[in-house]
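K.L.:
Below is structure_4.csv; it holds CSV, C-alpha atoms.
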```csv
chain,number,residue,atom,x,y,z
O,1,MET,CA,25.2,57.6,210.1
O,2,ALA,CA,21.5,58.6,210.0
O,3,THR,CA,19.0,56.3,208.4
O,4,ILE,CA,15.2,56.6,207.6
O,5,VAL,CA,12.4,54.3,206.7
O,6,PHE,CA,9.9,56.0,204.4
O,7,GLN,CA,6.1,55.7,204.5
O,8,PRO,CA,5.8,53.2,201.5
O,9,MET,CA,8.0,50.7,203.3
O,10,SER,CA,5.9,51.0,206.4
O,11,GLN,CA,2.7,50.6,204.4
O,12,LEU,CA,4.2,47.6,202.6
O,13,VAL,CA,4.5,45.9,206.0
O,14,THR,CA,1.0,46.8,207.3
O,15,ASP,CA,-1.0,46.4,204.1
O,16,TYR,CA,0.9,44.0,201.8
O,17,ILE,CA,2.4,41.6,204.4
O,18,LEU,CA,-0.1,41.8,207.2
O,19,GLY,CA,-3.2,42.4,205.2
O,20,ASN,CA,-2.5,40.9,201.8
O,21,SER,CA,-3.6,44.1,200.2
O,22,GLY,CA,-2.4,45.3,196.8
O,23,THR,CA,-2.5,49.0,197.7
O,24,GLU,CA,1.2,49.1,198.2
O,25,VAL,CA,3.2,46.3,196.5
O,26,PRO,CA,6.9,45.7,196.1
O,27,PRO,CA,8.5,46.9,192.8
O,28,ALA,CA,9.5,44.5,190.1
O,29,SER,CA,13.0,45.1,191.4
O,30,TRP,CA,14.7,47.4,193.8
O,31,THR,CA,16.8,50.3,192.5
O,32,MET,CA,19.4,52.4,194.4
O,33,GLY,CA,19.9,56.1,193.8
O,34,LEU,CA,22.3,58.7,195.2
O,35,SER,CA,20.9,61.9,196.7
O,36,THR,CA,22.2,65.3,197.4
O,37,THR,CA,19.9,65.4,200.4
O,38,VAL,CA,21.1,64.6,203.9
O,39,VAL,CA,19.0,62.2,205.9
O,40,GLY,CA,19.4,64.3,209.0
O,41,SER,CA,17.2,64.0,212.1
O,42,GLY,CA,13.9,65.3,211.0
O,43,ALA,CA,14.8,68.7,209.5
O,44,ASN,CA,16.0,67.3,206.1
O,45,MET,CA,14.3,64.0,205.0
O,46,MET,CA,11.0,63.0,206.6
O,47,ARG,CA,9.0,59.8,206.6
O,48,ASN,CA,6.7,61.3,203.9
O,49,SER,CA,9.6,62.6,201.8
O,50,VAL,CA,9.3,62.2,198.0
O,51,TRP,CA,11.8,62.5,195.2
O,52,SER,CA,11.8,65.9,193.6
O,53,VAL,CA,14.0,68.0,191.3
O,54,THR,CA,13.0,71.0,193.5
O,55,VAL,CA,15.3,71.3,196.5
O,56,SER,CA,12.9,72.4,199.1
O,57,GLY,CA,11.5,71.3,202.4
O,58,SER,CA,11.8,67.5,202.9
O,59,ASN,CA,12.1,66.8,199.2
O,60,VAL,CA,14.8,64.2,198.3
O,61,ASN,CA,16.9,65.4,195.3
O,62,GLU,CA,18.8,63.0,193.1
O,63,ILE,CA,22.3,63.6,191.7
O,64,GLY,CA,22.7,63.7,187.9
O,65,SER,CA,19.1,64.7,187.1
O,66,THR,CA,20.1,67.7,184.9
O,67,THR,CA,23.3,66.2,183.5
O,68,PRO,CA,23.9,62.5,184.3
O,69,ALA,CA,27.5,62.3,183.1
O,70,GLY,CA,27.3,58.5,183.6
O,71,TYR,CA,25.0,58.5,186.6
O,72,ALA,CA,22.1,56.0,186.6
O,73,ARG,CA,20.2,54.0,189.2
O,74,GLN,CA,21.5,50.6,190.0
O,75,THR,CA,19.2,47.6,190.2
O,76,ILE,CA,19.2,45.1,193.1
O,77,ALA,CA,17.2,41.9,192.3
O,78,ARG,CA,14.3,40.9,194.4
O,79,THR,CA,16.0,37.6,195.1
O,80,ILE,CA,18.3,36.1,197.8
O,81,ALA,CA,21.8,34.8,197.0
O,82,GLN,CA,21.2,34.2,193.3
O,83,GLY,CA,23.7,34.8,190.5
O,84,GLY,CA,23.3,38.5,190.0
O,85,ILE,CA,23.2,41.6,192.3
O,86,ASP,CA,20.7,40.8,195.0
O,87,TRP,CA,20.2,40.3,198.7
O,88,GLY,CA,22.4,38.1,200.9
O,89,THR,CA,21.1,35.4,203.2
O,90,SER,CA,19.6,37.1,206.1
O,91,THR,CA,20.8,36.8,209.7
O,92,PHE,CA,19.2,37.3,213.1
O,93,ASP,CA,20.4,39.5,215.9
O,94,ASN,CA,18.8,38.6,219.2
O,95,THR,CA,19.8,41.8,221.0
O,96,PHE,CA,16.7,43.2,222.8
O,97,SER,CA,17.0,46.9,221.9
O,98,THR,CA,18.8,46.9,218.6
O,99,GLY,CA,18.3,43.4,217.2
O,100,GLY,CA,16.3,42.0,214.3
O,101,GLN,CA,16.7,40.3,211.0
O,102,SER,CA,19.2,41.8,208.6
O,103,SER,CA,20.3,41.3,205.0
O,104,ALA,CA,23.2,42.9,203.1
O,105,ALA,CA,22.8,43.4,199.4
O,106,ASP,CA,25.6,42.8,196.9
O,107,GLN,CA,27.7,45.9,196.5
O,108,VAL,CA,26.5,48.1,193.6
O,109,THR,CA,28.7,50.3,191.5
O,110,PHE,CA,27.8,53.7,190.1
O,111,GLY,CA,29.5,55.1,187.0
O,112,ALA,CA,32.0,55.3,185.5
O,113,PHE,CA,31.3,59.1,185.5
O,114,SER,CA,32.2,61.0,182.4
O,115,GLY,CA,32.6,64.2,184.3
O,116,ALA,CA,30.8,66.0,187.1
O,117,PRO,CA,27.0,65.1,187.1
O,118,SER,CA,24.6,68.0,187.8
O,119,PRO,CA,23.6,68.2,190.6
O,120,ASN,CA,26.8,66.7,192.1
O,121,GLY,CA,27.7,65.7,195.6
O,122,ALA,CA,26.0,62.6,197.1
O,123,ASN,CA,25.1,62.8,200.8
O,124,SER,CA,22.9,59.8,201.0
O,125,TRP,CA,21.8,56.7,199.1
O,126,ALA,CA,18.2,55.6,198.8
O,127,LEU,CA,16.5,52.3,198.1
O,128,THR,CA,13.8,53.2,195.5
O,129,ALA,CA,12.0,51.9,192.5
O,130,GLY,CA,12.3,52.4,188.8
O,131,SER,CA,14.9,54.1,186.7
O,132,THR,CA,13.5,57.6,186.3
O,133,LEU,CA,15.5,60.1,188.2
O,134,ASN,CA,13.7,62.1,190.9
O,135,ALA,CA,10.7,59.7,190.7
O,136,GLY,CA,9.5,56.4,192.2
O,137,ASP,CA,8.7,55.2,195.7
O,138,LEU,CA,11.2,55.8,198.4
O,139,TRP,CA,11.7,52.9,200.7
O,140,VAL,CA,14.7,53.6,202.9
O,141,ALA,CA,17.8,56.0,202.9
O,142,ALA,CA,21.0,56.3,204.7
O,143,ASP,CA,23.7,59.0,204.9
O,144,THR,CA,27.0,58.4,203.1
O,145,ALA,CA,30.1,58.7,205.3
O,146,ALA,CA,31.0,62.0,203.6
O,147,THR,CA,29.8,64.0,200.6
O,148,ARG,CA,30.9,62.2,197.5
O,149,THR,CA,31.8,64.5,194.6
O,150,PHE,CA,32.3,62.8,191.3
O,151,ALA,CA,34.6,63.6,188.3
O,152,ASN,CA,35.7,61.9,185.1
O,153,GLY,CA,36.6,58.2,185.5
O,154,ASP,CA,35.1,57.9,189.1
O,155,THR,CA,33.0,55.1,190.2
O,156,GLU,CA,31.1,54.8,193.6
O,157,LYS,CA,30.4,51.7,195.5
O,158,VAL,CA,27.5,51.2,198.0
O,159,THR,CA,26.6,48.2,200.1
O,160,ALA,CA,23.1,48.4,201.5
O,161,THR,CA,22.2,46.6,204.6
O,162,ILE,CA,18.6,46.4,205.7
O,163,LYS,CA,17.7,45.5,209.3
O,164,ALA,CA,14.1,44.9,210.3
O,165,GLY,CA,13.7,45.0,214.0
Y,1,MET,CA,19.5,58.9,176.3
Y,2,PRO,CA,21.0,55.4,176.0
Y,3,PHE,CA,22.1,53.3,178.9
Y,4,TYR,CA,25.2,51.3,179.2
Y,5,GLU,CA,25.9,48.1,181.2
Y,6,ILE,CA,29.6,48.2,182.1
Y,7,THR,CA,31.1,44.8,183.0
Y,8,TYR,CA,34.3,44.9,184.9
Y,9,GLU,CA,37.0,42.2,184.8
Y,10,THR,CA,36.1,41.4,188.4
Y,11,GLY,CA,32.7,40.4,187.3
Y,12,ARG,CA,31.0,43.4,188.8
Y,13,SER,CA,28.8,45.6,186.7
Y,14,SER,CA,27.2,49.0,186.7
Y,15,ILE,CA,24.6,50.8,184.7
Y,16,ALA,CA,25.5,54.3,183.4
Y,17,SER,CA,23.7,56.9,181.3
Y,18,TYR,CA,25.6,58.8,178.7
Y,19,ALA,CA,24.6,61.1,175.9
Y,20,ASP,CA,26.2,58.9,173.3
Y,21,ASP,CA,28.9,56.2,172.7
Y,22,ALA,CA,31.6,58.8,172.5
Y,23,GLU,CA,30.9,60.0,176.0
Y,24,ALA,CA,30.6,56.4,177.2
Y,25,GLU,CA,34.0,55.5,175.7
Y,26,SER,CA,35.6,58.5,177.3
Y,27,ALA,CA,34.4,57.6,180.8
Y,28,VAL,CA,35.2,54.0,180.4
Y,29,ALA,CA,38.6,54.7,179.1
Y,30,ALA,CA,39.3,57.1,181.9
Y,31,HIS,CA,38.4,54.5,184.6
Y,32,HIS,CA,40.2,51.7,182.7
Y,33,ALA,CA,43.3,53.8,182.5
Y,34,ARG,CA,43.2,54.3,186.3
Y,35,ALA,CA,43.0,50.5,186.7
Y,36,MET,CA,46.0,50.0,184.4
Y,37,ASN,CA,47.9,52.4,186.6
Y,38,GLY,CA,46.8,51.1,190.0
Y,39,LEU,CA,44.9,54.2,190.9
Y,40,PRO,CA,41.8,54.6,193.1
Y,41,GLY,CA,38.4,53.9,191.5
Y,42,GLY,CA,36.5,56.8,193.1
Y,43,PRO,CA,36.8,60.1,194.8
Y,44,VAL,CA,39.1,59.9,197.8
Y,45,ALA,CA,38.8,63.4,199.2
Y,46,GLY,CA,36.5,63.7,202.2
Y,47,HIS,CA,36.0,60.0,202.6
Y,48,PRO,CA,36.9,59.0,206.2
Y,49,THR,CA,39.1,55.9,206.3
Y,50,GLY,CA,37.5,52.9,207.8
Y,51,GLN,CA,34.0,53.7,206.9
Y,52,GLU,CA,31.9,52.1,204.2
Y,53,GLY,CA,34.7,49.7,203.3
Y,54,ASN,CA,37.9,50.8,201.7
Y,55,PRO,CA,37.7,54.4,200.5
Y,56,ASN,CA,40.6,53.9,198.2
Y,57,TRP,CA,39.4,50.9,196.3
Y,58,SER,CA,41.3,50.4,193.1
Y,59,ALA,CA,39.8,51.1,189.7
Y,60,GLU,CA,38.8,47.9,187.9
Y,61,ARG,CA,39.6,47.1,184.3
Y,62,ILE,CA,36.6,47.0,182.0
Y,63,ALA,CA,35.8,43.9,180.0
Y,64,LYS,CA,32.6,44.6,178.2
Y,65,VAL,CA,30.1,47.4,177.6
Y,66,ARG,CA,26.5,46.7,176.5
Y,67,VAL,CA,24.2,49.4,175.1
Y,68,TYR,CA,20.5,49.6,175.7
Y,69,ASP,CA,17.9,52.1,174.4
Y,70,LYS,CA,16.4,52.3,177.9
Y,71,HIS,CA,17.4,51.3,181.4
Y,72,PRO,CA,17.4,47.5,181.4
Y,73,ASP,CA,15.6,47.6,184.7
Y,74,ASP,CA,12.6,48.8,182.7
Y,75,LEU,CA,11.8,45.4,181.3
Y,76,ASN,CA,8.2,45.4,182.7
Y,77,PRO,CA,7.9,48.0,185.5
Y,78,ASP,CA,4.1,47.7,185.6
Y,79,GLN,CA,4.4,43.9,186.3
Y,80,THR,CA,1.8,42.9,183.7
Y,81,LEU,CA,1.5,39.9,181.4
Y,82,SER,CA,-1.0,39.2,178.6
Y,83,VAL,CA,-3.7,36.7,179.6
Y,84,GLU,CA,-2.2,34.2,177.1
Y,85,VAL,CA,1.3,34.4,178.6
Y,86,ALA,CA,0.0,34.4,182.2
Y,87,GLU,CA,-2.0,31.3,181.6
Y,88,LYS,CA,0.9,29.5,180.0
Y,89,GLN,CA,3.4,30.5,182.7
Y,90,LEU,CA,1.0,29.7,185.5
Y,91,SER,CA,0.3,26.3,184.1
Y,92,MET,CA,4.1,25.6,183.9
Y,93,LEU,CA,4.7,26.8,187.4
Y,94,ILE,CA,1.8,24.7,188.8
Y,95,LYS,CA,3.2,21.6,187.1
Y,96,GLY,CA,6.7,22.4,188.3
Y,97,LEU,CA,5.7,23.0,191.9
Y,98,ALA,CA,3.2,20.2,192.3
Y,99,ASP,CA,4.3,17.4,194.6
Y,100,GLU,CA,3.6,13.7,194.2
Y,101,ASN,CA,0.2,14.1,195.7
Y,102,GLY,CA,-0.8,16.7,193.2
Y,103,VAL,CA,-0.7,19.6,195.8
Y,104,VAL,CA,0.8,23.0,195.2
Y,105,ASN,CA,1.9,25.4,198.0
Y,106,VAL,CA,0.1,28.6,197.2
Y,107,ALA,CA,2.6,30.8,199.0
Y,108,ARG,CA,5.4,29.3,197.0
Y,109,LEU,CA,3.4,29.6,193.8
Y,110,SER,CA,2.7,33.3,194.6
Y,111,ALA,CA,6.5,34.0,195.0
Y,112,GLU,CA,7.2,32.3,191.7
Y,113,VAL,CA,4.5,34.3,190.0
Y,114,ARG,CA,5.9,37.6,191.3
Y,115,GLY,CA,9.2,36.6,189.7
Y,116,LEU,CA,7.7,36.4,186.2
Y,117,THR,CA,8.2,40.1,185.6
Y,118,HIS,CA,11.6,40.4,187.2
Y,119,PRO,CA,14.1,42.3,185.0
Y,120,MET,CA,17.2,40.5,186.2
Y,121,VAL,CA,18.6,37.1,185.5
Y,122,THR,CA,19.0,34.7,188.4
Y,123,VAL,CA,21.7,32.5,186.9
Y,124,LYS,CA,24.7,33.7,185.0
Y,125,GLU,CA,26.9,31.1,183.1
Y,126,SER,CA,29.8,33.6,183.0
Y,127,PRO,CA,30.6,36.5,185.2
Y,128,PHE,CA,30.7,38.6,182.1
Y,129,ASP,CA,27.1,37.8,181.2
Y,130,SER,CA,24.6,40.5,181.5
Y,131,ASN,CA,22.6,40.9,184.8
Y,132,PHE,CA,19.5,41.7,182.8
Y,133,ARG,CA,16.9,39.8,180.8
Y,134,MET,CA,16.4,42.8,178.4
Y,135,LYS,CA,18.3,42.1,175.2
Y,136,GLU,CA,21.0,44.7,174.6
Y,137,LYS,CA,21.0,46.8,171.4
Y,138,LYS,CA,24.7,46.2,170.8
Y,139,GLU,CA,28.0,45.9,172.4
Y,140,LEU,CA,30.8,48.5,172.1
Y,141,ASP,CA,33.9,47.4,170.3
Y,142,MET,CA,36.4,47.5,173.1
Y,143,ALA,CA,39.3,48.4,170.7
Y,144,PHE,CA,38.9,52.0,171.9
Y,145,LEU,CA,40.6,50.9,175.2
Y,146,GLU,CA,43.7,49.9,173.3
Y,147,ALA,CA,43.8,53.1,171.5
Y,148,SER,CA,43.4,55.1,174.7
Y,149,ASN,CA,46.3,53.4,176.5
```
In C-alpha cells, what does this structure look like?
P.N.:
Amino acid sequence: MATIVFQPMSQLVTDYILGNSGTEVPPASWTMGLSTTVVGSGANMMRNSVWSVTVSGSNVNEIGSTTPAGYARQTIARTIAQGGIDWGTSTFDNTFSTGGQSSAADQVTFGAFSGAPSPNGANSWALTAGSTLNAGDLWVAADTAATRTFANGDTEKVTATIKAG
Amino acid sequence: MPFYEITYETGRSSIASYADDAEAESAVAAHHARAMNGLPGGPVAGHPTGQEGNPNWSAERIAKVRVYDKHPDDLNPDQTLSVEVAEKQLSMLIKGLADENGVVNVARLSAEVRGLTHPMVTVKESPFDSNFRMKEKKELDMAFLEASN
C-alpha cells in the first residue's frame, strides 16, 4: 500500500513545531476524505498535490463532489484517547530503518450511502482539513486495499495509522 | 445541503450529506435493513480478505439520526474568538492550571487554548450522544425504520 506525506504536513513540522511559526498551523480538527486518485509512486499524487475537482496531473479528486449520495468527510478530533473519535495513545518502534512513533485513530465510518456517489470509486483515503469537498490542506494519504465502489445502504470504514519516523 | 450525524447501536457514528430527509431515511433504512438481516455493511467486491480489517463487516443497526444545517465540523474553522470570550476563557484556564505556587506551564496552557475552538466533544455521557459541540437542528423520528421493515 502506497502512502504519501504532503507538503503542509512537512511544513507543520519545520515551521510550527521547530520554529513556533504560525505560517502553517494544525486545523481545528482533522477530517478524512476518500479520493478517486491513486497514491502511486510519483506519477499520480505528488508532495505538492492539492484537492481539485479537475482530474489532471497530480490533482487529488474527491468522491461525491458532484453527487454526495451520503458522502461527507469524517472528523477526527485533535485529542488523544478521549471520548469521541480521536487518536490512540502513541507507541514507539525502535527499529532502525522503519521505526518511529505511531498512533492509530479510532475507526471512522462513511455513509450510509443513498446510492452511487459521483464520482464513485475510492482508491485512497486522505487526512485533510475542513468539510468542503475538493478543498482544504492535504496532510497525508494512503491507498485503499482495492477500489471501493459504493451503492445504496453501503458504509465504508477506515482506520488511519500515522507513523512519524 | 444538510448534514446528518448517524449514530449506530454500536456507539459508532458517521456524518453523511443528503439532499433532504427523504434521501437520508432511504439510505439509513437500507443500511438498517441489512443489519436486521445480518448482511455486510459495505461493498464486498474487490476487497481482498485480510486487508484493512474484515472486508465483510456486518451492517450496524441505527439508533439515532441528528440533522445539521452545515457540517458539524464547521463550528469554528477559522479558530477565532471574540476578545471578550478569549479573555474570559484564558482567565479560567490560567486559574485551572495554576499550581500551588501560582505558576502556570505555558506549553500546557497553549495546548488548552488551542482546544477552545475544537468542534468535537471530549466526553460523552452516553455512546449515543453526539460527537460534536454544534447543536443539531433536529433529530429524525426513527419510526420510519419500523415502517421500512
K.L.:
May I have the residues within 12 Å of region 75-85 of chain Y as a PyMOL selection string, using only C-alpha atoms and disregarding those fewer than 4 positions away in the same chain?
P.N.:
(chain O and resi 25-31+75+129-132+136) or (chain Y and resi 68-71+89-92+113-121+132-136)
K.L.:
Provide the CA of Thr147 (chain O) to CA of Val44 (chain Y) distance in Å, to one decimal place.
P.N.:
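Taking CA of Thr147 (chain O) and CA of Val44 (chain Y), their separation equals 10.5 Å.
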K.L.:
Once you count all atoms listed in the file, which residues of chain O turn out to be within 6 Å of chain Y? Could you give them as a ChimeraX atom specification?
P.N.:
/O:28,69-72,82-84,109-114,146,153-156
K.L.:
What's the separation between CA of Arg61 (chain Y) and CA of Met32 (chain O), in Å to one decimal place?
P.N.:
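Between CA of Arg61 (chain Y) and CA of Met32 (chain O) the gap works out to 23.2 Å.
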K.L.:
Report the distance between CA of Asp106 (chain O) and CA of Ser90 (chain O) in Å, rounded to one decimal place.
P.N.:
12.4 Å
K.L.:
Within 6 Å of Phe6 (chain O), counting all atoms listed in the file, which residues qualify if same-chain residues fewer than 5 places away don't, as a list in words?
P.N.:
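Counting only the stated atoms, we get Arg47, Trp139 and Val140 of chain O.
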K.L.:
Considering all atoms listed in the file, return as number ranges by chain whatever protein or nucleic-acid residues lie within 7 Å of region 115-120 of chain O, sequence-local ones (same chain, fewer than 2 positions apart) excluded.
P.N.:
O: 63-69, 71, 113, 122, 149-152
K.L.:
Pick from Y:Ala22, Y:Ala86, Y:Leu39, Y:Val65: nearest to Tyr8 (chain Y), with all atoms listed in the file counted?
P.N.:
Y:Val65
K.L.:
Please list, as a CSV table (one decimal) with C-alpha atoms, in the coordinates of the input, the residues that have an atom at most 9 Å away from (2.7, 26.5, 189.2) in the coordinates of this file, counting all atoms listed in the file.
P.N.:
```
chain,number,residue,atom,x,y,z
Y,89,GLN,CA,3.4,30.5,182.7
Y,90,LEU,CA,1.0,29.7,185.5
Y,91,SER,CA,0.3,26.3,184.1
Y,92,MET,CA,4.1,25.6,183.9
Y,93,LEU,CA,4.7,26.8,187.4
Y,94,ILE,CA,1.8,24.7,188.8
Y,95,LYS,CA,3.2,21.6,187.1
Y,96,GLY,CA,6.7,22.4,188.3
Y,97,LEU,CA,5.7,23.0,191.9
Y,98,ALA,CA,3.2,20.2,192.3
Y,104,VAL,CA,0.8,23.0,195.2
Y,105,ASN,CA,1.9,25.4,198.0
Y,106,VAL,CA,0.1,28.6,197.2
Y,108,ARG,CA,5.4,29.3,197.0
Y,109,LEU,CA,3.4,29.6,193.8
Y,110,SER,CA,2.7,33.3,194.6
Y,112,GLU,CA,7.2,32.3,191.7
Y,113,VAL,CA,4.5,34.3,190.0
```
K.L.:
List the spatial neighbours of Met1 (chain O) as a ChimeraX atom specification - criterion: any atom at most 12 Å away, all atoms listed in the file, same-chain residues fewer than 6 positions off excluded.
P.N.:
/O:38-41,123-125,141-146 /Y:51-52
K.L.:
Can you list, as a list in words, every protein, DNA or RNA residue that comes within 8 Å of Ala164 (chain O) when you count only C-alpha atoms, leaving out same-chain residues fewer than 6 positions away?
P.N.:
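Listing them by chain and then by number gives Gly100, Gln101 and Ser102 of chain O.
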K.L.:
Using only C-alpha atoms, please write the residues we just selected to a file, as a CSV table (one decimal), in the frame of the given file.
P.N.:
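What landed in again-v7.csv:
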```csv
chain,number,residue,atom,x,y,z
O,100,GLY,CA,16.3,42.0,214.3
O,101,GLN,CA,16.7,40.3,211.0
O,102,SER,CA,19.2,41.8,208.6
```
